[in-house]
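Data file: query-v7.txt. Format and content: compact mmCIF, C-alpha atoms and all ligand atoms.
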# COMPACT_ATOMS: atom_id res chain seq x y z
CA MET A 1 -3.83 13.76 -10.86
CA ASN A 2 -2.00 11.15 -12.84
CA ASP A 3 -2.22 9.31 -16.11
CA LEU A 4 -1.65 5.59 -15.77
CA LEU A 5 0.10 4.08 -18.76
CA PRO A 6 1.19 0.58 -19.75
CA GLY A 7 4.77 -0.62 -19.52
CA GLU A 8 7.49 1.85 -18.65
CA LEU A 9 5.74 4.89 -20.10
CA GLY A 10 4.16 6.20 -16.93
CA GLY A 11 7.14 7.79 -15.14
CA GLU A 12 6.78 7.92 -11.37
CA MET A 13 3.53 5.98 -11.33
CA ALA A 14 3.55 2.19 -11.41
CA PRO A 15 2.73 0.62 -14.80
CA VAL A 16 -0.94 -0.05 -15.37
CA GLU A 17 -0.19 -3.80 -15.40
CA THR A 18 0.75 -3.51 -11.72
CA TRP A 19 -2.59 -1.81 -11.01
CA GLN A 20 -4.42 -4.56 -12.87
CA HIS A 21 -2.56 -7.20 -10.88
CA VAL A 22 -3.58 -5.60 -7.57
CA GLU A 23 -7.18 -5.23 -8.75
CA ARG A 24 -7.37 -8.86 -9.91
CA THR A 25 -5.83 -10.13 -6.68
CA THR A 26 -8.28 -8.00 -4.68
CA ARG A 27 -11.37 -9.18 -6.53
CA GLU A 28 -10.36 -12.82 -6.25
CA LEU A 29 -9.53 -12.61 -2.55
CA PHE A 30 -12.49 -10.45 -1.49
CA SER A 31 -14.93 -12.78 -3.21
CA ARG A 32 -13.45 -15.62 -1.12
CA PHE A 33 -14.50 -13.59 1.93
CA GLY A 34 -18.01 -13.18 0.49
CA TYR A 35 -17.76 -9.49 -0.44
CA GLY A 36 -19.69 -8.29 -3.49
CA GLU A 37 -18.62 -5.29 -5.57
CA ILE A 38 -20.54 -2.00 -5.60
CA ARG A 39 -20.04 0.88 -8.00
CA THR A 40 -21.45 4.21 -6.90
CA PRO A 41 -21.26 7.60 -8.67
CA THR A 42 -18.12 9.69 -8.43
CA LEU A 43 -20.25 12.69 -7.39
CA GLU A 44 -22.53 12.99 -4.37
CA ASP A 45 -24.42 15.75 -2.61
CA THR A 46 -21.91 17.79 -0.64
CA ALA A 47 -24.11 17.45 2.45
CA LEU A 48 -23.51 13.69 2.52
CA PHE A 49 -19.82 14.19 3.25
CA VAL A 50 -20.35 17.11 5.61
CA ARG A 51 -22.73 14.99 7.70
CA SER A 52 -20.60 11.84 7.72
CA VAL A 53 -16.90 12.64 7.40
CA GLY A 54 -17.47 15.82 9.42
CA GLU A 55 -17.32 19.56 8.89
CA GLU A 56 -14.22 20.10 11.02
CA THR A 57 -12.11 17.44 9.29
CA ASP A 58 -9.40 18.49 6.83
CA ILE A 59 -11.06 16.30 4.22
CA VAL A 60 -14.34 18.23 4.24
CA GLY A 61 -13.09 21.58 5.52
CA LYS A 62 -10.18 21.99 3.13
CA GLU A 63 -9.84 19.24 0.59
CA MET A 64 -13.13 18.67 -1.22
CA TYR A 65 -13.72 19.52 -4.85
CA THR A 66 -17.12 21.17 -4.49
CA PHE A 67 -19.21 22.99 -7.08
CA ASP A 68 -22.79 23.89 -7.92
CA ASP A 69 -24.48 22.08 -10.80
CA LYS A 70 -26.74 23.85 -13.31
CA ALA A 71 -29.70 23.50 -10.95
CA GLY A 72 -27.75 25.14 -8.15
CA ARG A 73 -27.24 21.97 -6.07
CA SER A 74 -23.92 21.67 -4.26
CA LEU A 75 -22.09 18.52 -5.39
CA SER A 76 -18.69 17.16 -4.44
CA LEU A 77 -16.28 14.71 -6.03
CA ARG A 78 -16.19 11.92 -3.46
CA PRO A 79 -13.20 12.24 -1.12
CA GLU A 80 -13.77 8.74 0.24
CA GLY A 81 -16.04 5.72 -0.23
CA THR A 82 -17.72 5.00 3.11
CA ALA A 83 -20.35 7.73 2.92
CA PRO A 84 -21.41 6.90 -0.67
CA ALA A 85 -21.65 3.20 0.23
CA ALA A 86 -23.80 4.03 3.29
CA ARG A 87 -25.97 6.27 1.12
CA ALA A 88 -26.51 3.42 -1.34
CA TYR A 89 -27.14 0.96 1.50
CA ILE A 90 -29.92 3.21 2.82
CA GLU A 91 -31.34 4.18 -0.57
CA HIS A 92 -31.79 0.55 -1.63
CA ALA A 93 -33.22 -0.47 1.76
CA VAL A 94 -30.65 -3.25 1.86
CA SER A 95 -31.16 -3.99 5.56
CA ASN A 96 -34.75 -5.06 4.78
CA GLN A 97 -33.46 -7.61 2.32
CA GLU A 98 -30.54 -9.17 4.20
CA PRO A 99 -29.27 -8.90 7.78
CA LEU A 100 -25.56 -8.98 6.94
CA THR A 101 -24.08 -7.19 3.94
CA ARG A 102 -20.49 -7.25 2.71
CA TRP A 103 -19.44 -4.85 -0.04
CA TYR A 104 -16.20 -3.72 -1.64
CA TYR A 105 -15.29 -1.05 -4.17
CA ILE A 106 -12.32 0.03 -6.22
CA GLY A 107 -12.33 3.52 -7.64
CA PRO A 108 -11.06 7.09 -7.79
CA MET A 109 -11.40 9.50 -4.86
CA PHE A 110 -10.52 13.19 -4.85
CA ARG A 111 -8.85 15.38 -2.24
CA TYR A 112 -7.28 18.76 -2.80
CA GLU A 113 -4.11 17.91 -0.90
CA ARG A 114 -0.54 19.08 -1.22
CA MET A 115 1.08 16.81 -3.80
CA LYS A 116 3.98 14.54 -3.07
CA THR A 117 5.00 10.95 -3.74
CA GLY A 118 2.11 8.74 -2.73
CA ARG A 119 -0.26 11.66 -2.18
CA TYR A 120 -2.34 12.80 -5.10
CA ARG A 121 -5.48 14.81 -5.79
CA GLN A 122 -7.11 11.98 -7.66
CA PHE A 123 -6.16 8.73 -5.99
CA PHE A 124 -7.66 5.26 -5.96
CA GLN A 125 -9.01 3.34 -3.04
CA ILE A 126 -9.79 -0.29 -2.52
CA GLY A 127 -12.45 -0.23 0.17
CA ALA A 128 -14.71 -2.70 1.94
CA GLU A 129 -17.69 -2.16 4.22
CA ALA A 130 -19.57 -4.77 6.28
CA TYR A 131 -23.03 -3.85 7.63
CA GLY A 132 -25.11 -5.63 10.21
CA SER A 133 -22.68 -7.19 12.69
CA LYS A 134 -21.69 -5.41 15.87
CA GLU A 135 -19.40 -8.26 16.90
CA PRO A 136 -15.61 -8.04 17.25
CA ALA A 137 -15.34 -10.95 14.79
CA GLN A 138 -16.50 -8.56 12.05
CA ASP A 139 -13.77 -6.04 12.89
CA VAL A 140 -11.21 -8.82 12.78
CA GLU A 141 -12.57 -10.26 9.54
CA VAL A 142 -12.02 -6.97 7.70
CA MET A 143 -8.52 -6.58 9.14
CA ASP A 144 -7.72 -10.19 8.20
CA MET A 145 -8.87 -9.44 4.66
CA VAL A 146 -6.30 -6.62 4.39
CA VAL A 147 -3.60 -8.80 5.95
CA GLN A 148 -4.30 -11.55 3.40
CA LEU A 149 -4.34 -9.06 0.52
CA LEU A 150 -0.95 -7.65 1.52
CA GLU A 151 0.35 -11.23 1.83
CA ALA A 152 -1.03 -12.21 -1.58
CA LEU A 153 0.73 -9.18 -3.07
CA GLY A 154 3.97 -10.16 -1.35
CA LEU A 155 4.14 -6.88 0.58
CA GLN A 156 6.03 -7.06 3.83
CA ASP A 157 7.01 -4.65 6.60
CA ILE A 158 3.56 -3.20 6.95
CA SER A 159 2.42 -2.96 10.53
CA LEU A 160 -1.15 -3.01 11.76
CA ASN A 161 -1.91 -0.31 14.35
CA ILE A 162 -5.13 -0.58 16.32
CA ASN A 163 -7.00 1.63 18.76
CA SER A 164 -10.48 2.15 20.18
CA LEU A 165 -12.26 5.50 20.16
CA GLY A 166 -15.02 4.39 22.52
CA ASP A 167 -18.67 5.24 21.97
CA GLU A 168 -21.27 7.80 23.02
CA ALA A 169 -21.22 6.39 26.56
CA CYS A 170 -17.52 6.89 27.27
CA ARG A 171 -16.26 9.41 24.76
CA PRO A 172 -17.76 12.50 26.48
CA ALA A 173 -15.68 11.93 29.63
CA TYR A 174 -12.57 11.49 27.53
CA GLN A 175 -13.45 14.54 25.47
CA GLN A 176 -13.78 16.61 28.62
CA LYS A 177 -10.29 15.61 29.80
CA LEU A 178 -8.96 16.28 26.33
CA VAL A 179 -10.50 19.76 26.28
CA GLU A 180 -8.90 20.50 29.68
CA HIS A 181 -5.51 19.44 28.34
CA LEU A 182 -5.89 21.39 25.09
CA THR A 183 -7.24 24.48 26.83
CA ALA A 184 -4.10 24.60 28.96
CA HIS A 185 -2.13 24.90 25.68
CA ARG A 186 -4.66 26.94 23.82
CA ALA A 187 -2.33 29.78 22.83
CA GLU A 188 0.14 27.35 21.20
CA LEU A 189 -2.50 25.70 19.00
CA CYS A 190 -2.84 26.71 15.35
CA GLU A 191 -5.83 28.85 14.39
CA ASP A 192 -7.78 25.87 13.01
CA CYS A 193 -7.23 23.90 16.20
CA GLN A 194 -8.34 26.79 18.39
CA ARG A 195 -11.63 26.56 16.52
CA ARG A 196 -11.64 22.76 16.64
CA LEU A 197 -11.15 22.94 20.40
CA GLU A 198 -14.59 24.54 20.62
CA ARG A 199 -16.33 22.51 17.95
CA ASN A 200 -14.67 19.10 17.63
CA PRO A 201 -11.67 18.67 19.98
CA LEU A 202 -10.82 15.16 18.76
CA ARG A 203 -9.83 16.65 15.41
CA VAL A 204 -6.95 18.52 17.09
CA LEU A 205 -5.30 15.12 17.51
CA ASP A 206 -4.84 14.63 13.76
CA CYS A 207 -3.78 18.18 12.90
CA LYS A 208 -0.69 18.14 10.66
CA ASN A 209 0.83 21.21 12.37
CA GLU A 210 3.95 20.22 14.34
CA LYS A 211 3.17 22.27 17.43
CA CYS A 212 -0.33 20.84 17.60
CA GLN A 213 1.09 17.34 17.19
CA ALA A 214 3.43 17.83 20.16
CA ILE A 215 0.49 18.94 22.30
CA ALA A 216 -1.57 15.99 21.00
CA ARG A 217 1.17 13.54 21.98
CA ALA A 218 0.92 14.67 25.60
CA ALA A 219 -2.90 14.39 25.60
CA PRO A 220 -4.67 11.88 27.85
CA ASP A 221 -4.84 8.34 26.51
CA ILE A 222 -8.29 7.42 25.18
CA LEU A 223 -7.93 3.75 26.11
CA GLN A 224 -7.94 4.71 29.80
CA PHE A 225 -11.46 6.06 29.41
CA LEU A 226 -13.24 3.18 27.68
CA CYS A 227 -16.49 2.05 29.32
CA GLU A 228 -16.91 -1.65 30.13
CA PRO A 229 -18.68 -2.67 26.89
CA CYS A 230 -16.13 -0.79 24.73
CA LYS A 231 -13.25 -2.27 26.68
CA ALA A 232 -14.71 -5.77 26.35
CA HIS A 233 -15.14 -5.22 22.61
CA PHE A 234 -11.53 -4.06 22.22
CA ASP A 235 -10.21 -6.97 24.31
CA GLU A 236 -12.11 -9.42 22.14
CA VAL A 237 -10.76 -7.82 18.95
CA LYS A 238 -7.23 -8.27 20.29
CA ARG A 239 -7.93 -11.86 21.39
CA LYS A 240 -9.31 -12.77 17.97
CA LEU A 241 -6.38 -11.15 16.16
CA ASP A 242 -4.07 -13.20 18.38
CA ALA A 243 -6.06 -16.34 17.61
CA LEU A 244 -5.56 -15.75 13.86
CA GLY A 245 -1.88 -15.05 14.41
CA VAL A 246 -2.24 -11.47 13.12
CA ARG A 247 0.42 -9.20 14.61
CA TYR A 248 -0.53 -5.67 15.66
CA VAL A 249 0.59 -2.67 17.69
CA ILE A 250 -1.74 -0.78 20.03
CA ASN A 251 -1.56 2.89 19.19
CA PRO A 252 -3.73 5.08 21.48
CA GLN A 253 -2.63 8.18 19.53
CA MET A 254 -4.38 7.08 16.38
CA VAL A 255 -7.74 8.85 15.98
CA ARG A 256 -8.12 8.77 12.15
CA GLY A 257 -9.08 11.88 10.20
CA LEU A 258 -12.81 11.22 9.87
CA ASP A 259 -15.63 11.81 12.37
CA TYR A 260 -17.77 8.71 11.95
CA TYR A 261 -15.73 6.17 13.90
CA THR A 262 -16.81 4.44 17.10
CA ARG A 263 -14.82 1.78 18.95
CA THR A 264 -12.20 -0.01 16.82
CA THR A 265 -9.97 1.96 14.46
CA PHE A 266 -6.91 0.68 12.62
CA GLU A 267 -4.20 1.67 10.16
CA PHE A 268 -1.70 -0.26 8.08
CA ILE A 269 1.61 1.59 8.07
CA ALA A 270 4.50 0.74 5.76
CA ALA A 271 8.07 1.11 6.95
CA HIS A 272 9.16 1.94 3.45
CA PRO A 273 11.24 4.87 2.21
CA ALA A 274 9.50 4.80 -1.21
CA LEU A 275 6.42 6.42 0.30
CA GLY A 276 8.18 8.95 2.52
CA THR A 277 5.71 10.39 4.99
CA ALA A 278 2.73 9.07 2.98
CA SER A 279 3.34 5.70 4.57
CA THR A 280 -0.20 4.80 5.67
CA VAL A 281 -1.35 2.33 3.04
CA GLY A 282 -4.77 1.89 4.56
CA GLY A 283 -7.06 2.60 7.43
CA GLY A 284 -10.51 1.94 8.71
CA GLY A 285 -12.65 1.12 11.66
CA ARG A 286 -16.09 0.65 13.09
CA TYR A 287 -18.84 3.22 12.55
CA ASP A 288 -21.94 1.97 14.34
CA LYS A 289 -23.85 5.27 14.27
CA LEU A 290 -23.28 6.47 10.71
CA VAL A 291 -26.06 4.65 8.85
CA LYS A 292 -28.66 5.83 11.35
CA SER A 293 -27.33 9.38 11.42
CA LEU A 294 -27.78 9.54 7.63
CA GLY A 295 -31.45 8.67 8.00
CA GLY A 296 -31.13 4.89 7.69
CA PRO A 297 -31.83 2.04 10.08
CA ASP A 298 -29.80 1.46 13.23
CA VAL A 299 -27.22 -0.85 11.65
CA PRO A 300 -23.63 -1.24 12.89
CA ALA A 301 -20.81 -1.30 10.34
CA VAL A 302 -17.07 -1.60 9.95
CA GLY A 303 -14.74 -1.19 6.97
CA PHE A 304 -11.47 0.07 5.54
CA GLY A 305 -9.92 1.95 2.65
CA LEU A 306 -6.57 1.11 1.08
CA GLY A 307 -4.53 3.46 -1.11
CA LEU A 308 -4.10 1.72 -4.45
CA ASP A 309 -1.56 4.31 -5.61
CA ARG A 310 0.56 3.53 -2.56
CA LEU A 311 0.27 -0.25 -2.90
CA THR A 312 1.36 -0.12 -6.54
CA LEU A 313 4.27 2.19 -5.69
CA LEU A 314 5.47 -0.36 -3.13
CA LEU A 315 5.27 -3.14 -5.71
CA LYS A 316 7.08 -1.01 -8.28
CA GLU A 317 9.79 -0.23 -5.73
CA GLY A 318 10.13 -3.98 -5.11
CA GLY A 319 10.92 -4.44 -8.81
CA GLN A 320 7.98 -6.72 -9.55
CA GLN A 321 6.76 -6.73 -13.14
CA TYR A 322 3.34 -7.84 -14.28
CA GLY A 323 1.82 -8.34 -17.69
CA ALA A 324 3.15 -11.17 -19.86
CA PRO A 325 5.14 -10.50 -23.08
CA PRO A 326 3.68 -11.82 -26.37
CA ASP A 327 3.88 -15.59 -26.92
CA VAL A 328 4.79 -15.18 -30.53
CA PHE A 329 5.71 -12.50 -33.05
CA ILE A 330 4.55 -13.24 -36.60
CA ALA A 331 6.90 -11.71 -39.19
CA VAL A 332 6.27 -11.39 -42.94
CA ALA A 333 9.15 -12.44 -45.21
CA ASP A 334 7.72 -11.16 -48.51
CA GLU A 335 4.87 -8.99 -49.69
CA GLY A 336 2.98 -12.00 -51.11
CA SER A 337 2.77 -13.58 -47.63
CA ALA A 338 1.36 -10.54 -45.84
CA ASP A 339 -2.31 -11.58 -45.98
CA GLU A 340 -1.67 -15.11 -44.82
CA ALA A 341 0.59 -13.97 -41.96
CA PHE A 342 -2.02 -11.42 -40.86
CA ALA A 343 -4.69 -14.15 -40.91
CA LEU A 344 -2.39 -16.52 -38.97
CA ALA A 345 -1.92 -13.87 -36.26
CA SER A 346 -5.67 -13.38 -36.04
CA ARG A 347 -6.33 -17.13 -35.81
CA LEU A 348 -3.71 -17.67 -33.09
CA ARG A 349 -5.29 -14.91 -31.00
CA ARG A 350 -8.65 -16.65 -31.37
CA GLU A 351 -6.92 -19.80 -30.14
CA GLY A 352 -5.79 -17.93 -27.03
CA LEU A 353 -2.23 -16.89 -27.77
CA LYS A 354 -0.84 -13.44 -27.22
CA VAL A 355 0.41 -12.42 -30.67
CA GLU A 356 2.28 -9.41 -32.06
CA PHE A 357 2.17 -8.46 -35.72
CA ASP A 358 3.69 -5.30 -37.18
CA THR A 359 0.83 -3.70 -39.12
CA ARG A 360 3.25 -1.20 -40.64
CA GLY A 361 4.81 -3.97 -42.73
CA GLY A 362 8.40 -3.05 -43.58
CA SER A 363 11.57 -5.08 -44.02
CA LEU A 364 12.11 -8.35 -42.19
CA ARG A 365 14.96 -6.64 -40.35
CA SER A 366 12.75 -3.88 -39.01
CA GLN A 367 10.11 -6.41 -38.00
CA MET A 368 12.70 -8.42 -36.07
CA LYS A 369 13.80 -5.26 -34.27
CA ARG A 370 10.21 -4.76 -33.22
CA ALA A 371 9.99 -8.42 -32.13
CA ASP A 372 13.03 -7.88 -29.90
CA LYS A 373 11.49 -4.82 -28.33
CA THR A 374 8.23 -6.59 -27.50
CA ARG A 375 10.25 -9.39 -25.82
CA ALA A 376 8.10 -11.99 -27.58
CA ARG A 377 8.99 -15.56 -26.58
CA PHE A 378 9.02 -16.88 -30.13
CA THR A 379 9.15 -15.46 -33.62
CA LEU A 380 7.64 -17.17 -36.63
CA VAL A 381 8.65 -15.93 -40.07
CA LEU A 382 6.11 -16.59 -42.82
CA GLY A 383 7.26 -16.47 -46.47
CA GLN A 384 6.63 -18.25 -49.72
CA ALA A 385 8.52 -21.40 -48.62
CA GLU A 386 6.43 -21.73 -45.45
CA ARG A 387 3.21 -21.18 -47.35
CA GLU A 388 4.07 -23.83 -49.86
CA SER A 389 5.23 -26.42 -47.33
CA GLY A 390 2.65 -25.58 -44.67
CA LYS A 391 5.50 -25.68 -42.15
CA ALA A 392 7.48 -23.03 -40.28
CA GLN A 393 10.00 -22.58 -37.48
CA LEU A 394 9.22 -21.29 -34.01
CA LYS A 395 12.37 -19.48 -33.01
CA PRO A 396 12.90 -18.95 -29.27
CA MET A 397 14.02 -15.34 -28.80
CA ALA A 398 16.07 -16.22 -25.75
CA GLY A 399 18.21 -18.53 -27.91
CA GLY A 400 18.10 -22.27 -28.41
CA GLU A 401 17.02 -24.61 -31.20
CA PRO A 402 14.15 -23.56 -33.48
CA ILE A 403 11.09 -25.79 -33.21
CA PRO A 404 9.64 -27.06 -36.51
CA VAL A 405 5.88 -26.68 -36.58
CA ALA A 406 2.96 -27.23 -38.95
CA LEU A 407 1.14 -23.95 -39.65
CA GLY A 408 -2.08 -25.53 -38.39
CA GLU A 409 -0.53 -26.45 -35.02
CA VAL A 410 1.30 -23.34 -33.88
CA ALA A 411 -0.83 -22.77 -30.78
CA GLN A 412 -0.33 -26.35 -29.56
CA ALA A 413 3.42 -26.12 -30.17
CA VAL A 414 3.74 -22.84 -28.26
CA ARG A 415 1.77 -24.27 -25.36
CA ALA A 416 3.81 -27.44 -25.32
CA ALA A 417 7.00 -25.41 -25.27
CA ALA A 418 5.63 -23.32 -22.40
CA ALA A 419 4.67 -26.35 -20.31
CA PRO A 420 7.12 -27.09 -17.50
CA ARG A 421 9.48 -29.94 -18.32
P1 LIG B 1 -8.60 7.36 4.88
O1 LIG B 1 -7.62 7.01 5.95
O2 LIG B 1 -8.94 8.78 4.73
O3 LIG B 1 -9.88 6.49 5.16
O4 LIG B 1 -8.04 6.83 3.49
C1 LIG B 1 -7.68 5.48 3.32
C2 LIG B 1 -6.39 5.37 2.52
O5 LIG B 1 -6.50 6.06 1.27
C3 LIG B 1 -5.18 6.03 3.17
O6 LIG B 1 -4.61 5.19 4.14
C4 LIG B 1 -4.26 6.21 1.98
O7 LIG B 1 -3.53 5.03 1.70
C5 LIG B 1 -5.22 6.49 0.86
N1 LIG B 1 -5.23 7.94 0.57
C6 LIG B 1 -5.90 8.90 1.23
N2 LIG B 1 -5.66 10.11 0.69
C7 LIG B 1 -4.81 9.90 -0.34
C8 LIG B 1 -4.18 10.74 -1.31
N3 LIG B 1 -4.40 12.07 -1.35
N4 LIG B 1 -3.35 10.17 -2.22
C9 LIG B 1 -3.12 8.83 -2.21
N5 LIG B 1 -3.69 7.99 -1.33
C10 LIG B 1 -4.52 8.50 -0.41
C11 LIG B 1 -11.03 6.52 4.41
O8 LIG B 1 -11.11 7.08 3.35
C12 LIG B 1 -12.17 5.73 4.99
N6 LIG B 1 -13.30 5.82 4.07
C13 LIG B 1 -11.76 4.28 5.22
C14 LIG B 1 -12.87 3.48 5.80
C15 LIG B 1 -13.71 2.65 5.13
N7 LIG B 1 -13.27 3.47 7.07
C16 LIG B 1 -14.29 2.68 7.22
N8 LIG B 1 -14.58 2.18 6.04
Since I need it in another form, could you write the structure as structure tokens?
Amino acid sequence: MNDLLPGELGGEMAPVETWQHVERTTRELFSRFGYGEIRTPTLEDTALFVRSVGEETDIVGKEMYTFDDKAGRSLSLRPEGTAPAARAYIEHAVSNQEPLTRWYYIGPMFRYERMKTGRYRQFFQIGAEAYGSKEPAQDVEVMDMVVQLLEALGLQDISLNINSLGDEACRPAYQQKLVEHLTAHRAELCEDCQRRLERNPLRVLDCKNEKCQAIARAAPDILQFLCEPCKAHFDEVKRKLDALGVRYVINPQMVRGLDYYTRTTFEFIAAHPALGTASTVGGGGRYDKLVKSLGGPDVPAVGFGLGLDRLTLLLKEGGQQYGAPPDVFIAVADEGSADEAFALASRLRREGLKVEFDTRGGSLRSQMKRADKTRARFTLVLGQAERESGKAQLKPMAGGEPIPVALGEVAQAVRAAAAPR
């Protein structure tokens, strides 16, 4: 779990300004798509995740932070956001109030995973969930939203992989073929997968064990087994992606590590060394049966989760910096000017400027050192002469002629200097 700090203080993690930039960009863009924000608790009943993400998944089977509260109820720190959102959707009877619901969230998730760059035990997800439309257009809308977010962030070389996992009509036949294939290699499977083979064979396909992965690669291709309606749905998803000019790769190997998916699944994978093997920046898909299986109405849904830690690492790697330096540093030339300089700083902030003032006082020299460090655009030194004349000099830190300014018009002068010529 990481601390996020401003500026360069945070070590491996991207500066908090980068996080804020991604969050701002997300909120602005998602609201253009009509998605409203939800904030759900960090803790949920353990059973919620067992019933939705699935008992045989690594997430629930190995990675959850689970404990009993004082009343003996089993609670878990949320390992993902889809199940909590569905729980809230059901609890607030949202489907009775509107037929189509679009939500997003940004927040911490917890998985007890092996740590490495881009993989943490507390990590942050940007997620979105759309309830109420079974149409391919809804699948494509959520993918388009991710594509546009990555574009807005200036992130390139991230490829969209898509697949279909079929539904309850066609998956059993596929599952049977898969079990035949896996049974033929039973002895080579890891212990977990031997159990999964009995209880949830699809989960063998996302086992991290190398031997299991080799066997999974030779498994029958799920796309060959899709029933007509699932095939038509997948074809329409592809056609609509084409129509929007969104590029994608069909990846029949991709099953995702959670049980609730039906039909479309997708992942965004970065070809970037900064993330090493943690290169999946996001994933999602359709889950038409989840809301009902949790005791809610029969409402189809589709959504995604993006790894905020990974997005910010990519931006950091790209050298982008966010967070503006101060507009002006107010320095005090003599003790008698301290109060007026302090008041000037306060007033300029009220007028909308970003202002630095060294509350420790000290010599003019030490204040100027501080001004340098903050990379303020201008300094303004206030002393007896300035107080008496009501005028001062705005000195550009990057060099150039000082700008004479009346003490009552500093904000206007800074803005005028900032305006493009
Ligand atoms: P997920 O694939 O488990 O899907 O996670 C989504 C993203 O969260 C991953 O692609 C990755 O970028 C990030 N992530 C996962 N684990 C970690 C970790 N330990 N450290 C850093 N980043 C991580 C879900 O969680 C689904 N709820 C997505 C979804 C929403 N499907 C439908 N709606």
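Among the candidates A:Met397, A:Met254, A:Leu182, A:Ala216, the one nearest to ligand LIG 1 (chain B) when counting only C-alpha atoms and all ligand atoms is A:Met254.
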Please produce, as a tab-separated table, a per-residue contact table for stretch 93-188 of chain A versus stretch 51-73 of chain A (criterion: any atom at most 7 Å away, all atoms listed in the file considered), showing the nearest atom pair and its distance in Å to one decimal, sorted by chain then residue number.
residue	atom	partner	partner_atom	distance
A:Arg111	CA	A:Glu63	CA	4.9
A:Tyr112	CA	A:Glu63	CA	4.3
A:Glu113	CA	A:Glu63	CA	6.1
Item to complete: Choose the residue, out of A:Ala130, A:Ile330, A:Ile162, A:Met143, that has the smallest atom-to-atom separation from A:Tyr89; count all atoms listed in the file.
Response: A:Ala130
Item to complete: Could you give me the residues within 6 Å of ligand LIG 1 (chain B), counting all atoms listed in the file, as number ranges by chain?
Response: A: 80-82, 111, 113, 118-121, 123, 125, 127, 129, 280-285, 302-307, 309
Residues just named, written with C-alpha atoms as a PDB file, keeping the file's coordinate frame:
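For reference, result_10.pdb as written:
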ATOM      1  CA  GLU A  80     -13.770   8.740   0.240  1.00  0.00           C
ATOM      2  CA  GLY A  81     -16.040   5.720  -0.230  1.00  0.00           C
ATOM      3  CA  THR A  82     -17.720   5.000   3.110  1.00  0.00           C
ATOM      4  CA  ARG A 111      -8.850  15.380  -2.240  1.00  0.00           C
ATOM      5  CA  GLU A 113      -4.110  17.910  -0.900  1.00  0.00           C
ATOM      6  CA  GLY A 118       2.110   8.740  -2.730  1.00  0.00           C
ATOM      7  CA  ARG A 119      -0.260  11.660  -2.180  1.00  0.00           C
ATOM      8  CA  TYR A 120      -2.340  12.800  -5.100  1.00  0.00           C
ATOM      9  CA  ARG A 121      -5.480  14.810  -5.790  1.00  0.00           C
ATOM     10  CA  PHE A 123      -6.160   8.730  -5.990  1.00  0.00           C
ATOM     11  CA  GLN A 125      -9.010   3.340  -3.040  1.00  0.00           C
ATOM     12  CA  GLY A 127     -12.450  -0.230   0.170  1.00  0.00           C
ATOM     13  CA  GLU A 129     -17.690  -2.160   4.220  1.00  0.00           C
ATOM     14  CA  THR A 280      -0.200   4.800   5.670  1.00  0.00           C
ATOM     15  CA  VAL A 281      -1.350   2.330   3.040  1.00  0.00           C
ATOM     16  CA  GLY A 282      -4.770   1.890   4.560  1.00  0.00           C
ATOM     17  CA  GLY A 283      -7.060   2.600   7.430  1.00  0.00           C
ATOM     18  CA  GLY A 284     -10.510   1.940   8.710  1.00  0.00           C
ATOM     19  CA  GLY A 285     -12.650   1.120  11.660  1.00  0.00           C
ATOM     20  CA  VAL A 302     -17.070  -1.600   9.950  1.00  0.00           C
ATOM     21  CA  GLY A 303     -14.740  -1.190   6.970  1.00  0.00           C
ATOM     22  CA  PHE A 304     -11.470   0.070   5.540  1.00  0.00           C
ATOM     23  CA  GLY A 305      -9.920   1.950   2.650  1.00  0.00           C
ATOM     24  CA  LEU A 306      -6.570   1.110   1.080  1.00  0.00           C
ATOM     25  CA  GLY A 307      -4.530   3.460  -1.110  1.00  0.00           C
ATOM     26  CA  ASP A 309      -1.560   4.310  -5.610  1.00  0.00           C
TER      27      ASP A 309
END
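Atom CA of A:Glu17 lies 5.5 Å from atom CA of A:Gly323.
Between atom CA of A:Glu335 and atom CA of A:Pro404 there is a distance of 22.9 Å.
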Per residue of stretch 182-294 of chain A within 12 Å of stretch 33-50 of chain A, what are the shortest atom pair and its distance in Å to one decimal, counting all atoms listed in the file, with rows by chain and residue number, as CSV?
residue,atom,partner,partner_atom,distance
A:Leu258,CA,A:Phe49,CA,10.1
A:Asp259,CA,A:Val50,CA,9.8
A:Tyr260,CA,A:Phe49,CA,10.5
A:Leu290,CA,A:Leu48,CA,10.9
A:Val291,CA,A:Leu48,CA,11.3
A:Ser293,CA,A:Leu48,CA,10.6
A:Leu294,CA,A:Leu48,CA,7.8
Worksheet entry | From A:Glu180, A:Glu28, A:Asp298, A:Asp3, residue lying nearest A:Ser95 [only C-alpha atoms] | A:Asp298
Worksheet item: Which residues, written as a count of residues only, have at least one atom at most 8 Å from A:Leu364, with only C-alpha atoms counted and residues fewer than 5 positions away on the same chain left out?
Response: 3
